[in-house]
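A.B. asks: What follows is structure.cif, made up of mmCIF, C-alpha atoms:
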```
data_final
#
loop_
_atom_site.label_atom_id
_atom_site.label_comp_id
_atom_site.auth_asym_id
_atom_site.auth_seq_id
_atom_site.Cartn_x
_atom_site.Cartn_y
_atom_site.Cartn_z
CA MET A 831 6.37 -6.92 30.18
CA SER A 832 7.51 -10.46 29.36
CA ASN A 833 10.30 -10.99 26.88
CA ASP A 834 8.79 -14.35 25.91
CA PHE A 835 7.76 -13.71 22.32
CA SER A 836 8.25 -15.63 19.08
CA ARG A 837 9.74 -13.62 16.23
CA PRO A 838 8.84 -16.30 13.59
CA TYR A 839 5.25 -16.51 14.88
CA LEU A 840 4.74 -12.74 14.80
CA SER A 841 6.41 -12.56 11.40
CA ALA A 842 3.98 -15.16 10.04
CA ALA A 843 1.05 -13.29 11.58
CA SER A 844 2.32 -10.06 10.03
CA CYS A 845 2.54 -11.71 6.61
CA SER A 846 -1.13 -12.70 6.89
CA GLY A 847 -1.88 -9.07 7.77
CA TYR A 848 -0.05 -7.75 4.72
CA PHE A 849 -1.99 -10.26 2.63
CA LEU A 850 -5.19 -8.73 4.01
CA ILE A 851 -4.12 -5.19 3.05
CA GLY A 852 -3.39 -6.43 -0.47
CA LEU A 853 -6.96 -7.70 -0.73
CA VAL A 854 -8.31 -4.30 0.35
CA VAL A 855 -6.14 -2.32 -2.09
CA SER A 856 -6.97 -4.48 -5.12
CA LEU A 857 -10.71 -4.70 -4.41
CA THR A 858 -11.80 -1.61 -6.34
CA GLY A 859 -9.79 -2.39 -9.47
CA VAL A 860 -11.00 -5.98 -9.55
CA GLY A 861 -14.68 -5.20 -8.97
CA LEU A 862 -15.19 -2.02 -11.03
CA ASN A 863 -17.63 -3.53 -13.50
CA SER A 864 -19.35 -5.84 -11.00
CA PHE A 865 -19.92 -3.05 -8.48
CA ALA A 866 -21.12 -0.78 -11.30
CA GLN A 867 -23.82 -3.34 -12.18
CA GLN A 868 -24.69 -3.97 -8.52
CA LEU A 869 -25.11 -0.26 -7.76
CA SER A 870 -26.34 0.90 -11.21
CA ILE A 871 -23.56 3.48 -11.70
CA SER A 872 -20.58 3.77 -14.06
CA PRO A 873 -17.20 2.06 -13.42
CA THR A 874 -15.45 5.44 -13.20
CA GLN A 875 -17.89 6.52 -10.48
CA VAL A 876 -17.21 3.29 -8.58
CA GLY A 877 -13.45 3.91 -8.70
CA SER A 878 -13.73 7.55 -7.66
CA TYR A 879 -16.24 7.08 -4.83
CA PHE A 880 -14.74 3.90 -3.41
CA PHE A 881 -11.19 5.18 -3.31
CA PHE A 882 -12.28 8.48 -1.84
CA PHE A 883 -14.05 6.84 1.12
CA ILE A 884 -11.34 4.22 1.68
CA GLY A 885 -8.65 6.89 1.53
CA PHE A 886 -10.56 9.46 3.60
CA SER A 887 -11.07 7.08 6.52
CA THR A 888 -7.54 5.63 6.26
CA PHE A 889 -5.96 9.09 6.26
CA PHE A 890 -7.63 10.30 9.45
CA THR A 891 -7.51 6.95 11.26
CA LEU A 892 -3.75 6.69 10.77
CA PHE A 893 -3.11 9.80 12.87
CA ALA A 894 -4.87 8.24 15.86
CA THR A 895 -3.38 4.82 15.12
CA GLY A 896 0.20 6.04 15.43
CA MET A 897 -0.36 7.55 18.87
CA LEU A 898 -2.29 4.48 20.05
CA ILE A 899 0.50 2.19 18.90
CA ASP A 900 3.18 4.24 20.65
CA ARG A 901 1.12 4.21 23.85
CA PHE A 902 -0.46 0.73 23.94
CA GLY A 903 1.50 -1.31 21.39
CA GLN A 904 0.42 -3.03 18.20
CA LYS A 905 -1.68 -5.93 19.51
CA PRO A 906 -5.08 -4.27 20.17
CA VAL A 907 -4.76 -2.14 17.03
CA LEU A 908 -3.97 -5.12 14.78
CA VAL A 909 -6.73 -7.33 16.19
CA ALA A 910 -9.33 -4.57 15.80
CA GLY A 911 -8.16 -3.73 12.27
CA SER A 912 -8.46 -7.34 11.08
CA LEU A 913 -11.97 -7.73 12.47
CA ILE A 914 -13.19 -4.44 10.96
CA CYS A 915 -11.89 -5.43 7.50
CA GLY A 916 -13.55 -8.84 7.68
CA VAL A 917 -16.93 -7.34 8.62
CA ALA A 918 -16.62 -4.68 5.90
CA PHE A 919 -16.02 -7.30 3.19
CA LEU A 920 -19.14 -9.18 4.29
CA LEU A 921 -21.26 -6.02 4.33
CA VAL A 922 -20.22 -4.62 0.96
CA SER A 923 -21.24 -7.84 -0.77
CA GLN A 924 -24.82 -7.10 0.35
CA ALA A 925 -24.84 -3.34 -0.33
CA GLN A 926 -27.68 -2.29 -2.63
CA SER A 927 -27.06 1.47 -2.67
CA LEU A 928 -24.08 3.72 -3.25
CA THR A 929 -24.44 5.15 0.27
CA ALA A 930 -24.28 1.70 1.88
CA ALA A 931 -21.31 0.67 -0.28
CA CYS A 932 -19.40 3.86 0.55
CA PHE A 933 -19.99 3.24 4.26
CA CYS A 934 -18.44 -0.22 3.81
CA MET A 935 -15.47 1.38 2.06
CA PHE A 936 -15.14 3.76 5.03
CA LEU A 937 -14.97 0.73 7.34
CA LEU A 938 -12.41 -0.95 5.08
CA GLY A 939 -10.25 2.17 5.19
CA THR A 940 -10.45 2.30 8.99
CA GLY A 941 -9.47 -1.34 9.33
CA SER A 942 -6.65 -1.16 6.81
CA ALA A 943 -5.27 1.95 8.55
CA CYS A 944 -5.00 0.00 11.81
CA MET A 945 -3.30 -2.85 9.97
CA THR A 946 -0.89 -0.64 8.03
CA GLY A 947 0.28 1.35 11.02
CA GLY A 948 0.55 -1.69 13.28
CA LEU A 949 2.28 -4.03 10.85
CA ASN A 950 5.00 -1.68 9.68
CA THR A 951 5.99 -0.61 13.18
CA LEU A 952 5.90 -4.23 14.40
CA ILE A 953 8.26 -5.42 11.65
CA ASN A 954 10.53 -2.45 12.40
CA HIS A 955 10.69 -3.54 16.08
CA LEU A 956 11.15 -7.23 15.27
CA TYR A 957 14.11 -6.62 12.94
CA PRO A 958 15.91 -3.46 14.14
CA ALA A 959 19.23 -4.42 12.51
CA ASN A 960 17.89 -4.26 8.95
CA PRO A 961 14.26 -3.10 8.84
CA ALA A 962 14.36 -2.27 5.11
CA GLN A 963 15.18 -5.86 4.15
CA ALA A 964 12.56 -7.26 6.55
CA LEU A 965 9.90 -4.82 5.33
CA ASN A 966 10.59 -5.70 1.69
CA LEU A 967 10.24 -9.42 2.36
CA ALA A 968 7.14 -9.01 4.54
CA ASN A 969 5.51 -6.67 2.01
CA MET A 970 5.75 -9.44 -0.58
CA PHE A 971 2.59 -10.77 1.03
CA PHE A 972 0.85 -7.48 0.32
CA GLY A 973 1.51 -8.19 -3.35
CA LEU A 974 0.35 -11.78 -2.95
CA GLY A 975 -2.92 -10.55 -1.46
CA ALA A 976 -3.33 -7.96 -4.19
CA LEU A 977 -2.76 -10.48 -6.99
CA SER A 978 -4.88 -13.19 -5.35
CA LEU A 979 -8.09 -11.19 -5.68
CA PRO A 980 -7.90 -10.62 -9.47
CA PHE A 981 -6.74 -14.23 -9.89
CA MET A 982 -9.76 -15.53 -7.93
CA ALA A 983 -11.98 -13.05 -9.78
CA SER A 984 -10.92 -14.46 -13.16
CA TRP A 985 -12.81 -17.69 -12.40
CA LEU A 986 -15.24 -16.74 -9.62
CA LEU A 987 -16.94 -13.60 -10.98
CA ALA A 988 -18.44 -15.13 -14.10
CA SER A 989 -19.86 -18.17 -12.32
CA PHE A 990 -20.68 -17.00 -8.79
CA GLY A 991 -20.63 -13.19 -8.81
CA ILE A 992 -18.94 -10.54 -6.69
CA ALA A 993 -20.67 -11.62 -3.44
CA SER A 994 -18.94 -15.02 -3.40
CA LEU A 995 -15.57 -13.39 -4.04
CA LEU A 996 -16.05 -10.95 -1.16
CA ASP A 997 -17.26 -13.66 1.23
CA LEU A 998 -14.12 -15.67 0.47
CA ALA A 999 -11.92 -12.61 0.97
CA SER A 1000 -13.52 -11.96 4.37
CA LEU A 1001 -12.28 -15.32 5.62
CA PHE A 1002 -8.69 -14.25 5.01
CA CYS A 1003 -9.34 -11.12 7.09
CA PHE A 1004 -10.24 -12.99 10.27
CA LEU A 1005 -7.04 -15.09 10.28
CA PRO A 1006 -4.69 -12.24 11.37
CA ALA A 1007 -7.08 -11.34 14.21
CA ILE A 1008 -6.80 -14.87 15.61
CA LEU A 1009 -3.01 -15.00 15.20
CA PHE A 1010 -2.36 -11.60 16.78
CA ALA A 1011 -4.84 -12.17 19.62
CA THR A 1012 -3.00 -15.33 20.68
CA GLY A 1013 0.55 -14.02 20.18
CA ARG A 1014 3.04 -12.39 22.57
CA PHE A 1015 4.57 -9.10 21.47
CA PRO A 1016 8.10 -7.80 22.13
CA PRO A 1017 8.57 -5.29 24.98
CA ASN A 1018 10.00 -2.61 22.67
CA ALA A 1019 6.78 -2.55 20.63
CA ALA A 1020 5.20 0.11 22.85
CA VAL A 1021 6.25 3.37 24.52
CA GLU A 1022 5.25 3.55 28.15
CA LYS A 1023 4.50 7.28 28.27
CA PHE A 1024 3.50 8.95 25.04
CA ARG A 1025 3.94 12.74 25.02
CA LEU A 1026 2.74 14.66 21.98
CA LYS A 1027 5.16 17.50 22.73
CA ASN A 1028 8.14 15.15 22.71
CA ALA A 1029 6.91 13.33 19.62
CA ALA A 1030 6.76 16.65 17.75
CA LYS A 1031 10.53 16.99 18.16
CA ALA A 1032 11.00 14.00 15.89
CA PHE A 1033 9.32 15.93 13.06
CA SER A 1034 12.00 18.63 13.02
CA SER A 1035 14.13 16.71 10.50
CA PRO A 1036 13.60 17.83 6.86
CA LEU A 1037 13.56 14.15 5.94
CA VAL A 1038 10.11 13.71 7.48
CA PRO A 1039 8.29 15.90 4.91
CA LEU A 1040 10.42 14.40 2.14
CA PHE A 1041 9.48 10.85 3.16
CA ALA A 1042 5.84 12.01 3.38
CA LEU A 1043 5.94 13.42 -0.16
CA ILE A 1044 7.66 10.31 -1.52
CA LEU A 1045 4.90 8.11 -0.11
CA PHE A 1046 2.25 10.63 -1.24
CA PHE A 1047 3.27 10.12 -4.86
CA TYR A 1048 4.16 6.43 -4.52
CA VAL A 1049 0.90 5.24 -2.95
CA GLY A 1050 -1.03 7.41 -5.40
CA LEU A 1051 0.80 5.81 -8.31
CA GLU A 1052 0.51 2.23 -7.09
CA ALA A 1053 -3.21 2.61 -6.31
CA SER A 1054 -4.01 4.50 -9.53
CA ILE A 1055 -2.33 1.94 -11.76
CA GLY A 1056 -3.85 -0.93 -9.78
CA THR A 1057 -7.31 0.63 -10.16
CA TRP A 1058 -7.28 2.00 -13.71
CA SER A 1059 -4.75 -0.03 -15.71
CA ARG A 1060 -7.12 -2.96 -16.34
CA LEU A 1061 -9.80 -0.63 -17.69
CA ALA A 1062 -7.17 1.22 -19.75
CA VAL A 1063 -6.02 -2.04 -21.34
CA VAL A 1064 -9.62 -3.05 -22.09
CA ASN A 1065 -10.45 0.33 -23.67
CA LYS A 1066 -7.26 0.53 -25.72
CA TRP A 1067 -7.04 -3.02 -27.06
CA GLN A 1068 -10.63 -4.26 -26.65
CA ILE A 1069 -9.79 -7.39 -24.69
CA GLY A 1070 -12.13 -9.23 -22.35
CA SER A 1071 -12.14 -11.48 -19.29
CA PRO A 1072 -10.16 -13.36 -18.05
CA LEU A 1073 -7.22 -11.86 -20.00
CA ASP A 1074 -7.73 -8.38 -18.53
CA GLN A 1075 -7.75 -9.79 -14.98
CA LEU A 1076 -4.64 -11.86 -15.70
CA ILE A 1077 -2.78 -8.76 -16.92
CA LEU A 1078 -3.74 -7.02 -13.67
CA THR A 1079 -2.62 -10.11 -11.76
CA GLY A 1080 0.74 -9.78 -13.51
CA TYR A 1081 1.08 -6.21 -12.23
CA TRP A 1082 0.53 -7.26 -8.60
CA SER A 1083 2.78 -10.30 -9.13
CA SER A 1084 5.60 -8.00 -10.23
CA LEU A 1085 5.33 -6.19 -6.88
CA VAL A 1086 5.89 -9.51 -5.10
CA LEU A 1087 8.86 -10.38 -7.29
CA GLY A 1088 10.39 -6.91 -6.95
CA ARG A 1089 10.24 -7.03 -3.16
CA LEU A 1090 11.76 -10.49 -3.17
CA PHE A 1091 14.69 -9.17 -5.25
CA ALA A 1092 15.03 -6.10 -3.01
CA GLY A 1093 15.19 -8.24 0.13
CA THR A 1094 17.66 -10.78 -1.31
CA VAL A 1095 19.58 -9.98 -4.50
CA PHE A 1096 19.78 -6.20 -3.92
CA LYS A 1097 19.86 -6.22 -0.12
CA ASN A 1098 23.35 -4.68 0.01
CA ILE A 1099 22.40 -1.62 -2.04
CA PRO A 1100 21.71 1.35 0.30
CA GLY A 1101 17.97 1.88 0.55
CA HIS A 1102 17.95 5.49 -0.66
CA LYS A 1103 19.97 4.57 -3.78
CA LEU A 1104 17.73 1.60 -4.55
CA VAL A 1105 14.59 3.75 -4.28
CA LEU A 1106 16.12 6.38 -6.59
CA LEU A 1107 16.94 3.79 -9.24
CA CYS A 1108 13.48 2.22 -8.95
CA ALA A 1109 11.74 5.60 -9.25
CA ALA A 1110 13.63 6.27 -12.50
CA GLY A 1111 12.70 2.82 -13.83
CA ALA A 1112 9.03 3.37 -12.96
CA CYS A 1113 8.99 6.61 -14.98
CA ALA A 1114 10.34 4.71 -17.99
CA GLY A 1115 7.79 1.90 -17.54
CA ILE A 1116 4.79 4.25 -17.30
CA THR A 1117 5.94 6.15 -20.39
CA LEU A 1118 6.21 2.92 -22.35
CA PHE A 1119 2.77 1.77 -21.16
CA ILE A 1120 1.14 5.02 -22.30
CA PHE A 1121 2.64 4.87 -25.80
CA ALA A 1122 2.79 1.08 -26.29
CA PRO A 1123 1.59 0.12 -29.79
CA SER A 1124 0.51 -3.40 -28.80
CA MET A 1125 -1.15 -5.14 -25.89
CA TYR A 1126 1.88 -7.36 -25.32
CA LEU A 1127 4.29 -4.46 -25.03
CA GLY A 1128 1.80 -2.57 -22.87
CA ALA A 1129 1.45 -5.53 -20.49
CA CYS A 1130 5.23 -5.91 -20.23
CA ALA A 1131 5.58 -2.18 -19.53
CA LEU A 1132 2.93 -2.44 -16.81
CA TRP A 1133 4.70 -5.38 -15.19
CA PHE A 1134 8.09 -3.65 -15.40
CA THR A 1135 6.55 -0.62 -13.67
CA GLY A 1136 5.30 -2.85 -10.86
CA LEU A 1137 8.74 -4.42 -10.56
CA CYS A 1138 10.27 -0.97 -10.12
CA PHE A 1139 7.55 0.21 -7.75
CA ALA A 1140 8.01 -2.78 -5.45
CA PRO A 1141 10.86 -1.69 -3.13
CA ILE A 1142 9.88 1.99 -2.81
CA PHE A 1143 7.35 1.79 0.02
CA PRO A 1144 9.07 -0.75 2.32
CA SER A 1145 12.55 0.64 1.69
CA THR A 1146 11.42 4.19 2.49
CA LEU A 1147 9.90 3.00 5.77
CA GLY A 1148 13.05 1.01 6.50
CA ILE A 1149 15.20 4.10 6.02
CA ALA A 1150 12.87 6.09 8.28
CA GLY A 1151 13.01 3.34 10.92
CA ASN A 1152 16.80 3.45 10.94
CA ILE A 1153 16.88 7.24 11.28
CA PHE A 1154 14.04 7.75 13.78
CA LYS A 1155 14.43 5.39 16.73
CA ILE A 1156 11.73 6.90 18.97
CA TYR A 1157 8.03 7.48 18.29
CA THR A 1158 8.35 5.23 15.27
CA GLY A 1159 4.64 4.48 15.24
CA THR A 1160 3.71 8.16 15.09
CA ILE A 1161 6.22 8.95 12.34
CA PHE A 1162 5.31 5.87 10.32
CA SER A 1163 1.61 6.67 10.61
CA LEU A 1164 2.20 10.29 9.58
CA VAL A 1165 4.13 9.47 6.41
CA ILE A 1166 1.80 6.58 5.54
CA ALA A 1167 -1.19 8.89 6.05
CA CYS A 1168 0.35 11.25 3.50
CA GLY A 1169 0.69 8.25 1.20
CA VAL A 1170 -2.98 7.43 1.64
CA LEU A 1171 -3.86 11.05 0.87
CA GLY A 1172 -1.87 10.69 -2.34
CA GLY A 1173 -3.84 7.56 -3.17
CA VAL A 1174 -7.13 9.43 -2.71
CA VAL A 1175 -6.05 12.54 -4.62
CA LEU A 1176 -4.36 10.83 -7.55
CA THR A 1177 -6.75 7.89 -7.98
CA THR A 1178 -9.80 10.12 -7.77
CA GLY A 1179 -8.13 12.70 -10.00
CA VAL A 1180 -7.42 10.11 -12.67
CA GLY A 1181 -11.04 8.95 -12.53
CA GLN A 1182 -12.38 12.50 -12.81
CA LEU A 1183 -10.03 13.35 -15.68
CA ALA A 1184 -10.99 10.12 -17.45
CA GLY A 1185 -14.65 11.06 -17.15
CA ILE A 1186 -14.02 14.51 -18.63
CA SER A 1187 -11.60 13.42 -21.35
CA SER A 1188 -10.32 9.84 -21.66
CA LEU A 1189 -8.42 7.32 -19.58
CA SER A 1190 -5.44 7.57 -21.95
CA THR A 1191 -5.24 11.30 -21.28
CA ALA A 1192 -5.61 10.72 -17.54
CA PHE A 1193 -2.51 8.51 -17.54
CA VAL A 1194 -0.44 11.61 -18.30
CA LEU A 1195 -1.27 12.71 -14.74
CA ILE A 1196 0.16 9.41 -13.53
CA LEU A 1197 3.39 10.03 -15.47
CA ALA A 1198 3.70 13.55 -14.06
CA SER A 1199 3.32 12.16 -10.53
CA ALA A 1200 6.05 9.58 -11.21
CA LEU A 1201 8.42 12.36 -12.26
CA LEU A 1202 7.66 14.28 -9.07
CA LEU A 1203 8.32 11.12 -7.04
CA LEU A 1204 11.72 10.86 -8.73
CA ALA A 1205 12.50 14.48 -7.86
CA MET A 1206 11.53 14.03 -4.19
CA GLN A 1207 13.66 10.90 -3.87
CA PHE A 1208 16.62 12.71 -5.44
CA LEU A 1209 16.37 15.42 -2.77
CA ALA A 1210 16.00 12.82 0.01
CA SER A 1211 19.02 10.87 -1.24
CA ARG A 1212 21.14 14.01 -1.22
CA ARG A 1213 20.05 14.80 2.34
CA ILE A 1214 20.70 11.27 3.59
CA THR A 1215 24.15 11.22 1.99
CA LYS A 1216 24.97 14.63 3.47
CA ASP A 1217 23.84 13.62 6.97
CA TYR A 1218 25.87 10.41 6.72
CA LEU A 1219 29.02 12.26 5.74
CA ILE A 1220 28.54 14.77 8.56
CA THR A 1221 28.02 11.97 11.10
CA LYS A 1222 31.07 10.08 9.83
CA ALA A 1223 33.25 13.22 10.01
CA THR A 1224 32.02 13.96 13.57
CA GLN A 1225 32.82 10.43 14.72
CA SER A 1226 36.30 10.68 13.21
#
```
Can you turn what I pasted into structure tokens?
C.D. replies:
Amino acid sequence: MSNDFSRPYLSAASCSGYFLIGLVVSLTGVGLNSFAQQLSISPTQVGSYFFFFIGFSTFFTLFATGMLIDRFGQKPVLVAGSLICGVAFLLVSQAQSLTAACFCMFLLGTGSACMTGGLNTLINHLYPANPAQALNLANMFFGLGALSLPFMASWLLASFGIASLLDLASLFCFLPAILFATGRFPPNAAVEKFRLKNAAKAFSSPLVPLFALILFFYVGLEASIGTWSRLAVVNKWQIGSPLDQLILTGYWSSLVLGRLFAGTVFKNIPGHKLVLLCAAGACAGITLFIFAPSMYLGACALWFTGLCFAPIFPSTLGIAGNIFKIYTGTIFSLVIACGVLGGVVLTTGVGQLAGISSLSTAFVLILASALLLLAMQFLASRRITKDYLITKATQS
């Protein structure tokens, strides 16, 4: 395979891919009310059904994606994922039934799974010296994509409707397909002979299930807050558009800012320590949001939570990339799949609990999940520190 590849070009293409994933993740939260009117169901049903079908397809697709990446490389997976997402955005804007809309969400989940698995392993291969820093900076564009949709919605929905917003979003999905199709990939971005038996050996480390649980709770938390926080703010303080969309935009903006800080200002802090500190900060932010007496304090608490959330996902993958040098695609896809499962379980659970009781009560489930995330990261940090000390003593 040729070594003639451009790291800046592939990095730019990857950033456009992360932007795409941000659009997919923020779609449900942005369009709750519009989709409810389009499909003649309640906003809580939209959130529950959409996230279930996106998460269900993403979870199962990721298992196949990891093995395909390790065998054939990222290029075909990334091109296919971009195209599928673009088509799904176009189709959902025309869906007139819940069944048709859920099928579109299934397609979106499949496409985003291809993008997620491919992008994270590609960045890990492009920047092997410090994958955590590179992943934090690249994942800023996930936040940019996620905040762009509510920002565009604040002025497009009222005048042109959800269909125009989705048609515009689909255009951004086709850009990564063009960039990846015309790019050259590094030779270390694929494994020549994938063997499932050998790949299973990489799962023997106790850190693999810990990383999986960390992402299970993290993705669930990020998705749940991104989906339900706008509606919670509206219900609690009776505010309307565009202020509610701007508050949600602030949440996604804080993810961008947090990843920028993690990749620059805090780049010298060991990844496992940074994630532990951020998990503790997120618990404090969620608690303050639940009990905030005013909209202003609640919005600030929501943004602070996003700031703390920001480095957890990319830093965890960066740590995993440093520890597991072979079958990275399979391991990344496995732990990300567990994260997607967390997004389905927690986001759907919050919606179901809100339907039975209230959205304020359902946010207690979010707080409990944040505390469990903190506990899992504490155990992972202890294990990483222990393994480091053992390795250092052996080398001495």
A.B. asks: I'd like the contact shell of Ala918 of chain A - 6 Å cut-off, only C-alpha atoms, skipping same-chain residues fewer than 5 positions apart - returned as a list in words.
C.D. replies: Cys934, Leu937 and Leu938 of chain A
A.B. asks: Quick check on the file I pasted: which residues fall under the PyMOL selection byres ((chain A and resi 1136) around 7)? Write them as a PyMOL selection string.
C.D. replies: chain A and resi 1081-1082+1084-1085+1132-1135+1137-1140
A.B. asks: Find the residues near segment 1051-1056 of chain A: any atom within 8 Å, counting only C-alpha atoms, skip ones fewer than 5 places away on the same chain, and give them as a list in words.
C.D. replies: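 In the requested form, the answer reads Val855, Ser856, Gly859, Leu1078, Tyr1081, Trp1082, Gly1136, Phe1139, Gly1173, Leu1176, Thr1177, Val1180, Ile1196, Ser1199 and Ala1200 of chain A.
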A.B. asks: Between A:Ser1083, A:Ser923, A:Ser1188, A:Ser984, which has the minimum distance to Leu1061 of chain A (counting only C-alpha atoms)?
C.D. replies: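 For Leu1061 of chain A, the nearest of the candidates is A:Ser1188.
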A.B. asks: Extract, using only C-alpha atoms, all DNA, RNA and protein residues at most 9 Å from Leu928 of chain A, discarding same-chain residues fewer than 3 positions from it, and format them as a PyMOL selection string.
C.D. replies: chain A and resi 869-871+876+879+925+931-933
A.B. asks: One decimal, in Å: what's the spacing between atom CA of Leu908 of chain A and atom CA of Gln963 of chain A?
C.D. replies: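 Atom-to-atom, atom CA of Leu908 of chain A and atom CA of Gln963 of chain A are spaced 21.9 Å apart.
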A.B. asks: Which residue out of A:Gly847, A:Ala1198, A:Phe971, A:Trp985 has the minimum interatomic distance to Ala1114 of chain A when only C-alpha atoms are used?
C.D. replies: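 Going through A:Gly847, A:Ala1198, A:Phe971, A:Trp985 one by one, the smallest distance to Ala1114 of chain A is for A:Ala1198.
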A.B. asks: Can you write out as JSON lines which residues of segment 939-970 of chain A fall within 10 Å of segment 1144-1152 of chain A, alongside each residue's closest atom pair and its distance in Å to one decimal, counting only C-alpha atoms and ordering rows by chain and ascending residue number?
C.D. replies:
```
{"residue": "A:Asn950", "atom": "CA", "partner": "A:Leu1147", "partner_atom": "CA", "distance": 7.8}
{"residue": "A:Thr951", "atom": "CA", "partner": "A:Gly1151", "partner_atom": "CA", "distance": 8.4}
{"residue": "A:Ile953", "atom": "CA", "partner": "A:Gly1148", "partner_atom": "CA", "distance": 9.5}
{"residue": "A:Asn954", "atom": "CA", "partner": "A:Gly1151", "partner_atom": "CA", "distance": 6.5}
{"residue": "A:His955", "atom": "CA", "partner": "A:Gly1151", "partner_atom": "CA", "distance": 8.9}
{"residue": "A:Pro958", "atom": "CA", "partner": "A:Asn1152", "partner_atom": "CA", "distance": 7.7}
{"residue": "A:Ala959", "atom": "CA", "partner": "A:Asn1152", "partner_atom": "CA", "distance": 8.4}
{"residue": "A:Asn960", "atom": "CA", "partner": "A:Gly1148", "partner_atom": "CA", "distance": 7.6}
{"residue": "A:Pro961", "atom": "CA", "partner": "A:Gly1148", "partner_atom": "CA", "distance": 4.9}
{"residue": "A:Ala962", "atom": "CA", "partner": "A:Gly1148", "partner_atom": "CA", "distance": 3.8}
{"residue": "A:Gln963", "atom": "CA", "partner": "A:Ser1145", "partner_atom": "CA", "distance": 7.4}
{"residue": "A:Ala964", "atom": "CA", "partner": "A:Gly1148", "partner_atom": "CA", "distance": 8.3}
{"residue": "A:Leu965", "atom": "CA", "partner": "A:Pro1144", "partner_atom": "CA", "distance": 5.1}
{"residue": "A:Asn966", "atom": "CA", "partner": "A:Pro1144", "partner_atom": "CA", "distance": 5.2}
{"residue": "A:Leu967", "atom": "CA", "partner": "A:Pro1144", "partner_atom": "CA", "distance": 8.7}
{"residue": "A:Ala968", "atom": "CA", "partner": "A:Pro1144", "partner_atom": "CA", "distance": 8.8}
{"residue": "A:Asn969", "atom": "CA", "partner": "A:Pro1144", "partner_atom": "CA", "distance": 6.9}
{"residue": "A:Met970", "atom": "CA", "partner": "A:Pro1144", "partner_atom": "CA", "distance": 9.7}
```
A.B. asks: Return the single residue from A:Cys1168, A:Leu979, A:Val1194, A:Leu1202 that is closest to Leu1118 of chain A, with distances computed using all atoms listed in the file.
C.D. replies: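 Looking at the shortest contact to Leu1118 of chain A, the residue is A:Val1194.
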A.B. asks: Which value, in Å to one decimal, gives the distance between atom CA of Gly903 of chain A and atom CA of Ser1000 of chain A?
C.D. replies: 25.1 Å
A.B. asks: Distance atom CA of Gly1013 of chain A-atom CA of Phe972 of chain A, one decimal place?
C.D. replies: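 Distance reported for this atom pair: 20.9 Å.
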A.B. asks: Could you check which of A:Ser912, A:Asn863, A:Gln1207, A:Ser1190 is closest to Ala1062 of chain A, using all atoms listed in the file?
C.D. replies: A:Ser1190
A.B. asks: Which residues would end up in the selection if the PyMOL selection byres ((chain A and resi 1121) around 12) were applied here, given that I need the answer as a list in words?
C.D. replies: Val1063, Lys1066, Ala1114, Gly1115, Ile1116, Thr1117, Leu1118, Phe1119, Ile1120, Ala1122, Pro1123, Ser1124, Met1125, Leu1127, Gly1128, Ala1129, Ala1131, Leu1132, Ser1190, Thr1191, Phe1193, Val1194 and Leu1197 of chain A
A.B. asks: Do you know which residues are at most 10 Å from Val1165 of chain A counting all atoms listed in the file, after dropping those on the same chain fewer than 4 positions away, and could you put them as a PDB file with C-alpha atoms, in the frame of the given file?
C.D. replies:
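Produced file result27.pdb, reproduced below:
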```
ATOM      1  CA  LEU A 892      -3.750   6.690  10.770  1.00  0.00           C
ATOM      2  CA  PHE A 893      -3.110   9.800  12.870  1.00  0.00           C
ATOM      3  CA  VAL A1038      10.110  13.710   7.480  1.00  0.00           C
ATOM      4  CA  PRO A1039       8.290  15.900   4.910  1.00  0.00           C
ATOM      5  CA  LEU A1040      10.420  14.400   2.140  1.00  0.00           C
ATOM      6  CA  PHE A1041       9.480  10.850   3.160  1.00  0.00           C
ATOM      7  CA  ALA A1042       5.840  12.010   3.380  1.00  0.00           C
ATOM      8  CA  LEU A1043       5.940  13.420  -0.160  1.00  0.00           C
ATOM      9  CA  ILE A1044       7.660  10.310  -1.520  1.00  0.00           C
ATOM     10  CA  LEU A1045       4.900   8.110  -0.110  1.00  0.00           C
ATOM     11  CA  PHE A1046       2.250  10.630  -1.240  1.00  0.00           C
ATOM     12  CA  THR A1146      11.420   4.190   2.490  1.00  0.00           C
ATOM     13  CA  LEU A1147       9.900   3.000   5.770  1.00  0.00           C
ATOM     14  CA  ALA A1150      12.870   6.090   8.280  1.00  0.00           C
ATOM     15  CA  THR A1160       3.710   8.160  15.090  1.00  0.00           C
ATOM     16  CA  ILE A1161       6.220   8.950  12.340  1.00  0.00           C
ATOM     17  CA  GLY A1169       0.690   8.250   1.200  1.00  0.00           C
ATOM     18  CA  VAL A1170      -2.980   7.430   1.640  1.00  0.00           C
ATOM     19  CA  LEU A1171      -3.860  11.050   0.870  1.00  0.00           C
TER      20      LEU A1171
END
```
A.B. asks: From the set A:Phe990, A:Gly911, A:Leu1189, A:Gly1172, which residue has the shortest atom-to-atom contact distance to Val1064 of chain A, counting all atoms listed in the file?
C.D. replies: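 Using all atoms listed in the file, Val1064 of chain A sits closest to A:Leu1189.
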A.B. asks: Exactly which residues make up the result of the PyMOL selection byres ((chain A and resi 981) around 10) on this file, given as number ranges by chain?
C.D. replies: A: 860, 975-980, 982-986, 1072, 1075-1080
A.B. asks: Which residue out of A:Pro906, A:Pro1141, A:Gly877, A:Gly1111 has the minimum interatomic distance to Ala1007 of chain A when all atoms listed in the file are used?
C.D. replies: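 Nearest to Ala1007 of chain A: A:Pro906.
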A.B. asks: Give me the residues near Leu1001 of chain A as a PyMOL selection string, where near means some atom within 12 Å (using only C-alpha atoms) and where sequence neighbours in that chain fewer than 2 positions away do not count.
C.D. replies: chain A and resi 846+849-850+853+912-913+915-920+994-999+1003-1008
